[in-house]
>>> print(open('start-v6.cif').read())   # mmCIF, C-alpha atoms
data_input
loop_
_atom_site.label_atom_id
_atom_site.label_comp_id
_atom_site.auth_asym_id
_atom_site.auth_seq_id
_atom_site.Cartn_x
_atom_site.Cartn_y
_atom_site.Cartn_z
CA MET A 1 275.19 -38.08 48.96
CA ILE A 2 271.42 -38.49 48.65
CA VAL A 3 270.11 -41.09 51.10
CA VAL A 4 266.91 -42.89 50.11
CA HIS A 5 264.90 -45.41 52.14
CA ALA A 6 263.23 -48.14 50.03
CA PHE A 7 260.23 -49.72 51.74
CA ALA A 8 259.94 -53.18 50.16
CA LEU A 9 256.77 -55.16 50.73
CA TYR A 10 258.58 -58.53 50.70
CA GLY A 11 262.04 -59.83 51.55
CA ARG A 12 264.69 -60.49 48.94
CA LEU A 13 263.29 -63.96 48.21
CA ALA A 14 260.71 -62.07 46.14
CA ALA A 15 262.00 -61.43 42.63
CA SER A 16 260.43 -57.95 42.57
CA THR A 17 262.47 -56.90 45.60
CA ARG A 18 265.73 -58.19 44.13
CA TYR A 19 265.23 -56.85 40.65
CA ARG A 20 263.34 -53.59 41.19
CA LEU A 21 265.26 -52.44 44.26
CA GLU A 22 268.26 -54.43 45.45
CA GLN A 23 270.14 -54.77 42.18
CA TYR A 24 270.18 -50.97 41.81
CA VAL A 25 272.08 -50.35 45.06
CA PRO A 26 275.68 -50.57 43.75
CA GLY A 27 274.99 -48.57 40.61
CA LEU A 28 273.02 -45.86 42.39
CA ALA A 29 275.97 -45.35 44.74
CA LEU A 30 278.04 -44.33 41.70
CA HIS A 31 275.36 -41.71 41.00
CA GLY A 32 275.62 -40.30 44.51
CA ILE A 33 272.56 -42.12 45.89
CA ASP A 34 272.69 -44.32 48.97
CA LEU A 35 269.71 -46.67 48.70
CA ARG A 36 268.82 -48.54 51.88
CA LEU A 37 266.17 -51.25 52.00
CA SER A 38 263.82 -52.49 54.66
CA TYR A 39 261.31 -55.34 54.30
CA LEU A 40 257.82 -55.61 55.75
CA LEU A 41 257.22 -59.33 55.16
CA ASP A 42 260.50 -61.22 55.35
CA ASP A 43 261.68 -64.40 53.65
CA ILE A 44 260.36 -66.56 56.48
CA TYR A 45 256.90 -65.22 55.71
CA LEU A 46 257.30 -65.91 51.99
CA THR A 47 258.64 -69.42 52.50
CA SER A 48 255.73 -70.22 54.79
CA THR A 49 253.21 -68.75 52.34
CA PHE A 50 254.60 -70.79 49.44
CA LYS A 51 254.05 -73.89 51.56
CA GLY A 52 250.41 -72.95 52.12
CA HIS A 53 250.77 -71.78 55.71
CA LYS A 54 249.32 -68.57 57.14
CA ALA A 55 251.33 -66.12 59.21
CA SER A 56 250.33 -65.78 62.85
CA ALA A 57 248.77 -62.62 64.22
CA TRP A 58 251.94 -62.05 66.24
CA GLN A 59 254.14 -62.27 63.15
CA MET A 60 252.00 -59.73 61.33
CA LEU A 61 251.91 -57.41 64.34
CA ARG A 62 255.69 -57.60 64.71
CA SER A 63 256.13 -56.80 61.02
CA GLY A 64 253.78 -53.83 61.25
CA LEU A 65 255.54 -52.42 64.31
CA GLY A 66 258.89 -52.78 62.57
CA ARG A 67 257.60 -50.81 59.60
CA LEU A 68 256.24 -48.06 61.84
CA SER A 69 259.66 -47.82 63.47
CA ASP A 70 261.23 -47.43 60.01
CA LEU A 71 258.74 -44.68 59.20
CA VAL A 72 259.75 -42.74 62.31
CA GLU A 73 263.34 -42.86 61.07
CA LEU A 74 262.31 -41.53 57.67
CA ARG A 75 263.20 -38.01 58.85
CA ARG A 76 266.87 -38.97 58.39
CA PHE A 77 266.40 -39.61 54.65
CA SER A 78 266.16 -37.30 51.66
CA ALA A 79 263.44 -39.35 49.98
CA ALA A 80 261.77 -42.76 49.95
CA ILE A 81 260.60 -45.49 47.63
CA VAL A 82 257.39 -47.37 48.35
CA HIS A 83 257.41 -50.64 46.46
CA CYS A 84 253.88 -51.99 45.92
CA GLU A 85 252.38 -51.41 49.38
CA LEU A 86 253.57 -49.79 52.56
CA LEU A 87 251.13 -51.38 55.05
CA PRO A 88 248.50 -53.95 54.02
CA LEU A 89 244.93 -53.34 55.19
CA VAL A 90 245.67 -49.66 55.97
CA PRO A 91 243.59 -47.05 54.09
CA GLY A 92 245.35 -45.06 51.40
CA TRP A 93 244.87 -41.66 53.06
CA LEU A 94 246.61 -42.91 56.21
CA GLU A 95 249.41 -44.60 54.29
CA ALA A 96 249.99 -41.38 52.34
CA ALA A 97 250.00 -39.34 55.57
CA LEU A 98 252.70 -41.56 57.07
CA LEU A 99 255.00 -40.72 54.17
CA TYR A 100 256.24 -37.26 55.17
CA ARG A 101 259.22 -37.20 52.80
CA PRO A 102 259.05 -37.03 48.98
CA PHE A 103 258.57 -40.57 47.72
CA LEU A 104 258.63 -42.61 44.55
CA TYR A 105 255.82 -45.13 44.23
CA ASP A 106 257.06 -48.19 42.32
CA PHE A 107 254.95 -51.17 41.29
CA ASP A 108 255.19 -54.13 38.95
CA ASP A 109 251.82 -55.79 39.45
CA ALA A 110 248.17 -54.71 39.40
CA PHE A 111 248.11 -53.90 43.10
CA TYR A 112 245.21 -51.49 42.57
CA LEU A 113 243.06 -54.62 42.17
CA ARG A 114 244.17 -56.08 45.50
CA TYR A 115 241.08 -55.01 47.42
CA ARG A 116 238.74 -54.95 44.43
CA GLN A 117 239.08 -58.54 43.21
CA GLY A 118 240.08 -61.88 44.68
CA ARG A 119 239.96 -62.98 48.28
CA LEU A 120 240.04 -59.42 49.70
CA ARG A 121 237.28 -58.02 47.50
CA HIS A 122 234.94 -57.77 50.48
CA LEU A 123 237.08 -54.79 51.56
CA ASP A 124 236.40 -52.91 48.33
CA SER A 125 234.23 -50.21 49.90
CA LEU A 126 236.93 -49.36 52.45
CA LEU A 127 240.20 -50.12 50.64
CA GLY A 128 239.31 -50.38 46.95
CA PRO A 129 240.70 -46.92 46.06
CA LYS A 130 243.65 -47.20 48.45
CA PHE A 131 246.41 -47.10 45.85
CA ASP A 132 244.85 -44.17 44.03
CA ALA A 133 245.52 -41.98 47.07
CA VAL A 134 249.11 -43.20 47.43
CA ILE A 135 249.84 -42.73 43.73
CA LYS A 136 248.34 -39.25 43.80
CA LYS A 137 250.59 -38.10 46.65
CA ALA A 138 253.79 -39.62 45.22
CA ALA A 139 256.41 -37.23 43.86
CA ALA A 140 256.83 -39.66 40.96
CA VAL A 141 255.66 -43.12 39.89
CA THR A 142 257.59 -45.88 38.13
CA ALA A 143 255.41 -48.59 36.64
CA GLY A 144 256.64 -51.92 35.32
CA ASN A 145 254.64 -51.85 32.07
CA GLY A 146 252.30 -49.77 29.95
CA GLU A 147 249.11 -51.14 31.50
CA LEU A 148 250.22 -50.12 34.99
CA ALA A 149 251.51 -46.77 33.76
CA ARG A 150 248.19 -45.97 32.09
CA TYR A 151 246.40 -46.61 35.35
CA ALA A 152 248.82 -44.55 37.46
CA SER A 153 248.76 -41.66 34.98
CA ARG A 154 245.11 -41.07 35.84
CA PHE A 155 246.25 -39.86 39.27
CA ASN A 156 249.83 -38.69 38.76
CA VAL A 157 251.26 -37.02 35.65
CA ASN A 158 254.81 -37.80 36.83
CA THR A 159 254.47 -41.45 35.82
CA GLU A 160 256.92 -43.31 33.64
CA ILE A 161 257.46 -46.90 32.57
CA LEU A 162 260.44 -48.62 34.18
CA PRO A 163 260.46 -52.32 33.21
CA THR A 164 261.83 -54.97 35.51
CA VAL A 165 265.31 -55.57 34.10
CA VAL A 166 268.25 -57.94 34.42
CA ASP A 167 271.98 -57.46 34.78
CA THR A 168 273.28 -58.75 31.43
CA ARG A 169 276.68 -59.41 32.98
CA ARG A 170 275.05 -62.07 35.15
CA TYR A 171 272.47 -63.28 32.64
CA ARG A 172 274.65 -64.62 29.87
CA VAL A 173 274.48 -66.69 26.72
CA ALA A 174 276.20 -70.09 26.58
CA PRO A 175 276.72 -72.67 23.82
CA ARG A 176 273.72 -74.93 23.43
CA LYS A 177 274.07 -78.45 24.75
CA THR A 178 273.14 -81.29 22.41
CA ASP A 179 270.11 -83.20 23.68
CA SER A 180 267.69 -85.32 21.72
CA ILE A 181 264.79 -84.35 23.99
CA PHE A 182 263.07 -81.03 23.25
CA THR A 183 263.04 -79.12 26.56
CA VAL A 184 260.39 -76.52 27.39
CA GLY A 185 261.14 -74.46 30.50
CA TRP A 186 259.30 -72.19 32.92
CA ILE A 187 260.64 -70.33 35.95
CA GLY A 188 258.50 -68.65 38.59
CA SER A 189 256.81 -69.04 41.96
CA PRO A 190 253.89 -71.07 43.34
CA SER A 191 251.62 -68.02 43.02
CA THR A 192 251.64 -68.20 39.20
CA ALA A 193 252.18 -71.92 38.60
CA ALA A 194 248.47 -72.46 37.90
CA TYR A 195 248.97 -70.70 34.56
CA LEU A 196 250.93 -73.76 33.39
CA ASN A 197 247.67 -75.72 33.15
CA ALA A 198 247.04 -73.97 29.83
CA LEU A 199 249.95 -75.95 28.35
CA ILE A 200 248.74 -79.43 29.32
CA GLY A 201 246.85 -79.96 26.07
CA PRO A 202 249.44 -78.52 23.66
CA LEU A 203 252.35 -80.36 25.27
CA SER A 204 250.44 -83.65 25.37
CA GLN A 205 249.78 -83.27 21.65
CA LEU A 206 253.46 -82.59 20.93
CA ALA A 207 254.40 -85.66 22.95
CA LEU A 208 252.48 -87.81 20.46
CA GLU A 209 254.99 -86.69 17.83
CA GLY A 210 258.20 -87.23 19.80
CA PRO A 211 259.87 -86.91 23.21
CA VAL A 212 259.17 -83.70 25.16
CA ARG A 213 260.58 -82.60 28.49
CA VAL A 214 259.11 -79.84 30.66
CA VAL A 215 261.25 -78.26 33.38
CA VAL A 216 259.46 -76.17 36.02
CA VAL A 217 261.71 -74.14 38.30
CA GLY A 218 260.36 -72.78 41.58
CA ALA A 219 256.92 -74.40 41.74
CA ARG A 220 254.88 -77.57 41.35
CA ALA A 221 254.34 -78.75 37.79
CA PRO A 222 251.09 -80.11 36.37
CA VAL A 223 250.82 -83.73 35.32
CA ILE A 224 251.10 -83.92 31.52
CA VAL A 225 250.41 -87.26 29.84
CA GLY A 226 253.33 -88.50 27.76
CA VAL A 227 255.67 -85.71 28.83
CA GLU A 228 258.74 -86.00 31.03
CA VAL A 229 258.09 -83.41 33.76
CA ILE A 230 260.91 -82.25 36.02
CA GLU A 231 260.52 -79.95 39.02
CA ARG A 232 263.55 -78.05 40.20
CA ALA A 233 263.90 -75.95 43.33
CA TRP A 234 264.69 -72.31 42.66
CA ARG A 235 268.02 -71.01 43.90
CA GLU A 236 269.44 -67.62 43.15
CA ASP A 237 272.91 -68.97 42.42
CA THR A 238 271.62 -71.53 39.89
CA GLU A 239 268.70 -69.81 38.16
CA VAL A 240 270.76 -68.70 35.15
CA GLU A 241 272.20 -72.20 34.67
CA GLN A 242 268.69 -73.64 34.90
CA ILE A 243 267.40 -71.30 32.19
CA LEU A 244 270.36 -72.10 29.95
CA ALA A 245 269.20 -75.74 29.91
CA PHE A 246 265.92 -74.77 28.19
CA ASP A 247 265.38 -75.03 24.45
CA VAL A 248 262.37 -72.71 24.76
CA GLY A 249 261.05 -70.54 27.60
CA VAL A 250 257.29 -70.17 28.04
CA MET A 251 254.93 -67.74 29.74
CA PRO A 252 251.25 -68.67 29.50
CA LEU A 253 248.75 -66.14 30.88
CA PRO A 254 244.97 -65.79 30.93
CA ASP A 255 243.60 -62.60 29.41
CA ASP A 256 242.29 -60.94 32.57
CA ASP A 257 242.91 -57.78 34.59
CA TRP A 258 245.52 -59.34 36.85
CA ALA A 259 247.49 -60.94 34.03
CA ARG A 260 247.52 -57.74 32.00
CA GLY A 261 249.36 -56.16 34.93
CA LYS A 262 252.20 -58.73 34.76
CA CYS A 263 255.55 -57.40 33.56
CA ALA A 264 256.72 -60.31 31.37
CA PHE A 265 259.80 -60.74 33.53
CA LYS A 266 260.11 -64.47 32.81
CA LEU A 267 260.43 -63.63 29.14
CA ILE A 268 263.14 -61.08 29.84
CA GLN A 269 265.06 -63.69 31.84
CA TYR A 270 264.82 -66.27 29.04
CA MET A 271 265.72 -63.79 26.31
CA ALA A 272 268.72 -62.47 28.27
CA CYS A 273 270.10 -66.03 28.19
CA GLY A 274 269.55 -66.32 24.44
CA ILE A 275 266.54 -68.61 24.78
CA PRO A 276 263.65 -68.20 22.30
CA VAL A 277 260.22 -67.70 23.85
CA VAL A 278 256.59 -68.58 23.38
CA ALA A 279 254.06 -66.55 25.33
CA SER A 280 250.40 -65.67 25.54
CA ALA A 281 249.54 -62.51 23.62
CA VAL A 282 248.52 -60.71 26.81
CA GLY A 283 249.65 -57.47 28.45
CA ALA A 284 253.36 -56.72 28.60
CA ASN A 285 254.17 -59.96 26.79
CA LYS A 286 253.15 -58.14 23.61
CA ASP A 287 255.60 -55.32 24.34
CA VAL A 288 258.57 -57.54 25.20
CA VAL A 289 258.35 -60.20 22.46
CA ALA A 290 259.31 -58.83 19.05
CA PRO A 291 258.56 -61.11 16.05
CA ASP A 292 262.20 -62.11 15.69
CA CYS A 293 262.52 -63.15 19.38
CA GLY A 294 259.73 -65.69 19.68
CA PHE A 295 256.02 -66.31 19.23
CA LEU A 296 252.93 -64.73 20.74
CA VAL A 297 249.93 -67.06 20.75
CA GLU A 298 246.22 -66.62 21.38
CA HIS A 299 244.85 -70.17 21.51
CA GLU A 300 245.83 -73.78 22.14
CA GLY A 301 246.53 -74.46 18.49
CA GLY A 302 248.93 -71.52 18.42
CA TRP A 303 250.94 -73.05 21.25
CA VAL A 304 251.26 -76.31 19.35
CA GLN A 305 252.33 -74.59 16.13
CA ALA A 306 254.88 -72.31 17.82
CA LEU A 307 256.47 -75.04 19.93
CA ARG A 308 256.55 -77.43 16.96
CA ALA A 309 258.31 -74.82 14.80
CA LEU A 310 260.99 -74.29 17.44
CA ARG A 311 261.33 -78.00 18.13
CA ASP A 312 261.94 -78.77 14.47
CA SER A 313 264.45 -76.00 13.75
CA PRO A 314 267.58 -75.52 15.87
CA ASP A 315 268.53 -72.72 13.47
CA LEU A 316 265.29 -70.87 14.25
CA ARG A 317 265.92 -71.32 17.96
CA GLY A 318 269.41 -69.91 17.55
CA HIS A 319 268.25 -66.91 15.51
CA MET A 320 265.40 -66.02 17.85
CA GLY A 321 267.58 -66.53 20.91
CA ALA A 322 270.24 -64.16 19.58
CA SER A 323 267.60 -61.56 18.67
CA GLY A 324 266.07 -61.83 22.14
CA ARG A 325 269.43 -61.26 23.78
CA HIS A 326 269.99 -58.17 21.63
CA ARG A 327 266.54 -56.83 22.54
CA VAL A 328 267.19 -57.26 26.26
CA GLU A 329 270.53 -55.48 26.00
CA GLY A 330 268.86 -52.51 24.35
CA HIS A 331 265.62 -52.24 26.33
CA TYR A 332 265.53 -54.46 29.43
CA SER A 333 269.01 -54.33 30.95
CA LEU A 334 270.21 -52.80 34.20
CA GLU A 335 272.67 -50.74 32.18
CA VAL A 336 269.77 -49.02 30.40
CA ALA A 337 267.47 -48.68 33.42
CA LEU A 338 269.98 -47.45 36.02
CA PRO A 339 270.35 -43.87 34.71
CA LYS A 340 266.55 -43.56 34.58
CA MET A 341 266.17 -44.66 38.18
CA ALA A 342 269.00 -42.37 39.30
CA ALA A 343 267.45 -39.39 37.52
CA VAL A 344 264.01 -39.93 39.10
CA LEU A 345 265.42 -40.29 42.61
CA THR A 346 267.71 -37.27 42.23
CA ARG A 347 264.80 -35.16 40.98
CA ILE A 348 262.41 -35.99 43.82
CA ALA A 349 265.10 -35.72 46.51
CA THR A 350 266.31 -32.28 45.39
CA SER A 351 263.10 -30.62 44.23
#
>>> encode(input="start-v6.cif", output="structure tokens")
Amino acid sequence: MIVVHAFALYGRLAASTRYRLEQYVPGLALHGIDLRLSYLLDDIYLTSTFKGHKASAWQMLRSGLGRLSDLVELRRFSAAIVHCELLPLVPGWLEAALLYRPFLYDFDDAFYLRYRQGRLRHLDSLLGPKFDAVIKKAAAVTAGNGELARYASRFNVNTEILPTVVDTRRYRVAPRKTDSIFTVGWIGSPSTAAYLNALIGPLSQLALEGPVRVVVVGARAPVIVGVEVIERAWREDTEVEQILAFDVGVMPLPDDDWARGKCAFKLIQYMACGIPVVASAVGANKDVVAPDCGFLVEHEGGWVQALRALRDSPDLRGHMGASGRHRVEGHYSLEVALPKMAAVLTRIATS
């Protein structure tokens, strides 16, 4: 049995931890791989952050010491996975030195921008190239989309695309419920909810033509004149049922460096449930959404046209939903991704 330690940046409340690491555990065991996870920033930290609170210095110190303890124990493992970042604010050369077993670097967001843009950009001179050093030392790299893979390939030839996938036994299709109100849905976290502001204008325009409902799961929703807006708390045991209540799933994004690193996971979730999608023509969205699964749009008028077409044709919604489900089964399912993950881990642990 190959024993692998996965160093997750966040607790399992983070979708990336659940879907890029945790859901692989049972299947990898059947391939002779014992995957064990540890978390740097736990669910208490995430819950507090989503509420706008900052972690105390003691909490961060305790988390860092726990991770260092896990690194000492790394000698007992055949290999490791570093998901996104091992230790925030630590230079890349030191982070790479702490990893004294062969490791897979896995990421599903543009983490290489973390210290180059945004609120931590003042650390660019010290930490800007941090992830380049970690990627370079990794035995292999799995990137969530083509944009991330292209970046990683500059430093490591053993880079491959591994999308964030869903278990299609859990994500299922159900008969559509009859409802006279056209329901547009979005699922996510507070960190990306601001992207919904791009839909205020298009949805307000549609509301002039007839009733429109917007359901936002996991975050605060914007105020949209004339639209019934419903906020629902995210829960793991109800997220599939919540998606199944949508007529259309949406994923608006700005066309910037950060957004191009997103892995279109919302779209994969919607499509797995047989829900047609409308998304910004940005980054991985363009890879995931085939023409028969939904619409890719580039401007406000495109949102109105796409949503109107789906509103007015239940048959079109049904056709696109079925095509989306088929696409997920073939390209974005755990069944497809598991052998790829098993092969990478076996290779780096036995080479």
>>> residues_around(input="start-v6.cif", residues="Ala79 of chain A", least_positions_apart="4", cutoff="6 Å", atoms="only C-alpha atoms", output="PyMOL selection string")
chain A and resi 4+101-103+349
>>> residues_around(input="start-v6.cif", residues="segment 109-119 of chain A", least_positions_apart="6", cutoff="7 Å", atoms="all atoms listed in the file", output="list in words")
Cys84, Leu127, Gly128, Phe131, Leu148, Trp258, Gly261 and Lys262 of chain A
>>> resolve_selection(input="start-v6.cif", expression="the PyMOL selection byres ((chain A and resi 277-292) around 7)", output="ChimeraX atom specification")
/A:145,248-253,255,259-264,267,275-276,293-298,306,320,323
>>> residues_around(input="start-v6.cif", residues="Thr168 of chain A", least_positions_apart="3", cutoff="8 Å", atoms="only C-alpha atoms", output="list in words")
Tyr171, Arg172, Ala272, Glu329, Ser333 and Leu334 of chain A
>>> closest_residue(input="start-v6.cif", among="A:Val25, A:Met341, A:Leu316, A:Ile81", to="Asp247 of chain A", atoms="all atoms listed in the file")
A:Leu316
>>> resolve_selection(input="start-v6.cif", expression="the PyMOL selection byres ((chain A and resi 152) around 12)", output="JSON, numbers by chain")
{"A": [105, 106, 107, 108, 109, 110, 111, 112, 131, 132, 133, 134, 135, 136, 137, 138, 140, 141, 142, 143, 144, 145, 146, 147, 148, 149, 150, 151, 153, 154, 155, 156, 157, 158, 159, 160, 161, 261]}
>>> closest_residue(input="start-v6.cif", among="A:Asp312, A:Asp34, A:Glu241, A:Glu300", to="Ala6 of chain A", atoms="only C-alpha atoms")
A:Asp34
>>> resolve_selection(input="start-v6.cif", expression="the PyMOL selection byres ((chain A and resi 181-196) around 6)", output="PyMOL selection string")
chain A and resi 179-180+197-199+211-219+246-250+252-253
>>> write_last_selection(input="start-v6.cif", atoms="C-alpha atoms", output="CSV table (one decimal), in the coordinates of the input")
chain,number,residue,atom,x,y,z
A,179,ASP,CA,270.1,-83.2,23.7
A,180,SER,CA,267.7,-85.3,21.7
A,197,ASN,CA,247.7,-75.7,33.2
A,198,ALA,CA,247.0,-74.0,29.8
A,199,LEU,CA,250.0,-76.0,28.4
A,211,PRO,CA,259.9,-86.9,23.2
A,212,VAL,CA,259.2,-83.7,25.2
A,213,ARG,CA,260.6,-82.6,28.5
A,214,VAL,CA,259.1,-79.8,30.7
A,215,VAL,CA,261.2,-78.3,33.4
A,216,VAL,CA,259.5,-76.2,36.0
A,217,VAL,CA,261.7,-74.1,38.3
A,218,GLY,CA,260.4,-72.8,41.6
A,219,ALA,CA,256.9,-74.4,41.7
A,246,PHE,CA,265.9,-74.8,28.2
A,247,ASP,CA,265.4,-75.0,24.4
A,248,VAL,CA,262.4,-72.7,24.8
A,249,GLY,CA,261.0,-70.5,27.6
A,250,VAL,CA,257.3,-70.2,28.0
A,252,PRO,CA,251.2,-68.7,29.5
A,253,LEU,CA,248.8,-66.1,30.9
>>> atom_distance(input="start-v6.cif", atom1="atom CA of Ile33 of chain A", atom2="atom CA of Glu335 of chain A")
16.2 Å
>>> build_atoms(input="start-v6.cif", residues="segment 3-31 of chain A", atoms="N, CA and C atoms", output="PDB file, in the coordinates of the input")
ATOM      1  N   VAL A   3     270.425 -39.835  50.403  1.00  0.00           N
ATOM      2  CA  VAL A   3     270.110 -41.090  51.100  1.00  0.00           C
ATOM      3  C   VAL A   3     268.615 -41.361  50.955  1.00  0.00           C
ATOM      4  N   VAL A   4     268.285 -42.529  50.413  1.00  0.00           N
ATOM      5  CA  VAL A   4     266.910 -42.890  50.110  1.00  0.00           C
ATOM      6  C   VAL A   4     266.552 -44.189  50.828  1.00  0.00           C
ATOM      7  N   HIS A   5     265.388 -44.203  51.468  1.00  0.00           N
ATOM      8  CA  HIS A   5     264.900 -45.410  52.140  1.00  0.00           C
ATOM      9  C   HIS A   5     263.894 -46.096  51.222  1.00  0.00           C
ATOM     10  N   ALA A   6     264.144 -47.347  50.853  1.00  0.00           N
ATOM     11  CA  ALA A   6     263.230 -48.140  50.030  1.00  0.00           C
ATOM     12  C   ALA A   6     262.427 -49.063  50.935  1.00  0.00           C
ATOM     13  N   PHE A   7     261.122 -48.881  50.955  1.00  0.00           N
ATOM     14  CA  PHE A   7     260.230 -49.720  51.740  1.00  0.00           C
ATOM     15  C   PHE A   7     259.719 -50.856  50.839  1.00  0.00           C
ATOM     16  N   ALA A   8     260.348 -52.020  50.947  1.00  0.00           N
ATOM     17  CA  ALA A   8     259.940 -53.180  50.160  1.00  0.00           C
ATOM     18  C   ALA A   8     258.814 -53.909  50.882  1.00  0.00           C
ATOM     19  N   LEU A   9     257.861 -54.407  50.114  1.00  0.00           N
ATOM     20  CA  LEU A   9     256.770 -55.160  50.730  1.00  0.00           C
ATOM     21  C   LEU A   9     257.278 -56.521  51.209  1.00  0.00           C
ATOM     22  N   TYR A  10     258.093 -57.198  50.377  1.00  0.00           N
ATOM     23  CA  TYR A  10     258.580 -58.530  50.700  1.00  0.00           C
ATOM     24  C   TYR A  10     260.097 -58.552  50.823  1.00  0.00           C
ATOM     25  N   GLY A  11     260.607 -59.628  51.444  1.00  0.00           N
ATOM     26  CA  GLY A  11     262.040 -59.830  51.550  1.00  0.00           C
ATOM     27  C   GLY A  11     262.665 -60.137  50.206  1.00  0.00           C
ATOM     28  N   ARG A  12     263.964 -60.343  50.202  1.00  0.00           N
ATOM     29  CA  ARG A  12     264.690 -60.490  48.940  1.00  0.00           C
ATOM     30  C   ARG A  12     264.401 -61.816  48.232  1.00  0.00           C
ATOM     31  N   LEU A  13     263.713 -62.738  48.892  1.00  0.00           N
ATOM     32  CA  LEU A  13     263.290 -63.960  48.210  1.00  0.00           C
ATOM     33  C   LEU A  13     262.313 -63.635  47.082  1.00  0.00           C
ATOM     34  N   ALA A  14     261.624 -62.506  47.192  1.00  0.00           N
ATOM     35  CA  ALA A  14     260.710 -62.070  46.140  1.00  0.00           C
ATOM     36  C   ALA A  14     261.509 -61.452  44.997  1.00  0.00           C
ATOM     37  N   ALA A  15     261.255 -61.925  43.794  1.00  0.00           N
ATOM     38  CA  ALA A  15     262.000 -61.430  42.630  1.00  0.00           C
ATOM     39  C   ALA A  15     261.832 -59.919  42.474  1.00  0.00           C
ATOM     40  N   SER A  16     260.647 -59.391  42.761  1.00  0.00           N
ATOM     41  CA  SER A  16     260.430 -57.950  42.570  1.00  0.00           C
ATOM     42  C   SER A  16     261.326 -57.133  43.483  1.00  0.00           C
ATOM     43  N   THR A  17     261.582 -57.618  44.687  1.00  0.00           N
ATOM     44  CA  THR A  17     262.470 -56.900  45.600  1.00  0.00           C
ATOM     45  C   THR A  17     263.906 -56.930  45.087  1.00  0.00           C
ATOM     46  N   ARG A  18     264.350 -58.087  44.622  1.00  0.00           N
ATOM     47  CA  ARG A  18     265.730 -58.190  44.130  1.00  0.00           C
ATOM     48  C   ARG A  18     265.957 -57.368  42.879  1.00  0.00           C
ATOM     49  N   TYR A  19     264.992 -57.438  41.958  1.00  0.00           N
ATOM     50  CA  TYR A  19     265.230 -56.850  40.650  1.00  0.00           C
ATOM     51  C   TYR A  19     264.775 -55.400  40.510  1.00  0.00           C
ATOM     52  N   ARG A  20     263.796 -54.981  41.299  1.00  0.00           N
ATOM     53  CA  ARG A  20     263.340 -53.590  41.190  1.00  0.00           C
ATOM     54  C   ARG A  20     263.983 -52.675  42.223  1.00  0.00           C
ATOM     55  N   LEU A  21     264.636 -53.263  43.229  1.00  0.00           N
ATOM     56  CA  LEU A  21     265.260 -52.440  44.260  1.00  0.00           C
ATOM     57  C   LEU A  21     266.722 -52.833  44.493  1.00  0.00           C
ATOM     58  N   GLU A  22     266.945 -54.044  44.961  1.00  0.00           N
ATOM     59  CA  GLU A  22     268.260 -54.430  45.450  1.00  0.00           C
ATOM     60  C   GLU A  22     269.358 -54.336  44.395  1.00  0.00           C
ATOM     61  N   GLN A  23     269.075 -54.754  43.179  1.00  0.00           N
ATOM     62  CA  GLN A  23     270.140 -54.770  42.180  1.00  0.00           C
ATOM     63  C   GLN A  23     270.598 -53.363  41.780  1.00  0.00           C
ATOM     64  N   TYR A  24     269.806 -52.342  42.139  1.00  0.00           N
ATOM     65  CA  TYR A  24     270.180 -50.970  41.810  1.00  0.00           C
ATOM     66  C   TYR A  24     271.162 -50.367  42.820  1.00  0.00           C
ATOM     67  N   VAL A  25     271.305 -50.974  43.979  1.00  0.00           N
ATOM     68  CA  VAL A  25     272.080 -50.350  45.060  1.00  0.00           C
ATOM     69  C   VAL A  25     273.511 -49.996  44.644  1.00  0.00           C
ATOM     70  N   PRO A  26     274.303 -50.929  44.107  1.00  0.00           N
ATOM     71  CA  PRO A  26     275.680 -50.570  43.750  1.00  0.00           C
ATOM     72  C   PRO A  26     275.761 -49.466  42.699  1.00  0.00           C
ATOM     73  N   GLY A  27     274.943 -49.562  41.671  1.00  0.00           N
ATOM     74  CA  GLY A  27     274.990 -48.570  40.610  1.00  0.00           C
ATOM     75  C   GLY A  27     274.532 -47.194  41.057  1.00  0.00           C
ATOM     76  N   LEU A  28     273.500 -47.144  41.895  1.00  0.00           N
ATOM     77  CA  LEU A  28     273.020 -45.860  42.390  1.00  0.00           C
ATOM     78  C   LEU A  28     274.090 -45.162  43.226  1.00  0.00           C
ATOM     79  N   ALA A  29     274.893 -45.934  43.940  1.00  0.00           N
ATOM     80  CA  ALA A  29     275.970 -45.350  44.740  1.00  0.00           C
ATOM     81  C   ALA A  29     276.935 -44.556  43.854  1.00  0.00           C
ATOM     82  N   LEU A  30     277.163 -45.028  42.630  1.00  0.00           N
ATOM     83  CA  LEU A  30     278.040 -44.330  41.700  1.00  0.00           C
ATOM     84  C   LEU A  30     277.407 -43.036  41.196  1.00  0.00           C
ATOM     85  N   HIS A  31     276.078 -42.924  41.355  1.00  0.00           N
ATOM     86  CA  HIS A  31     275.360 -41.710  41.000  1.00  0.00           C
ATOM     87  C   HIS A  31     275.127 -40.810  42.216  1.00  0.00           C
TER      88      HIS A  31
END
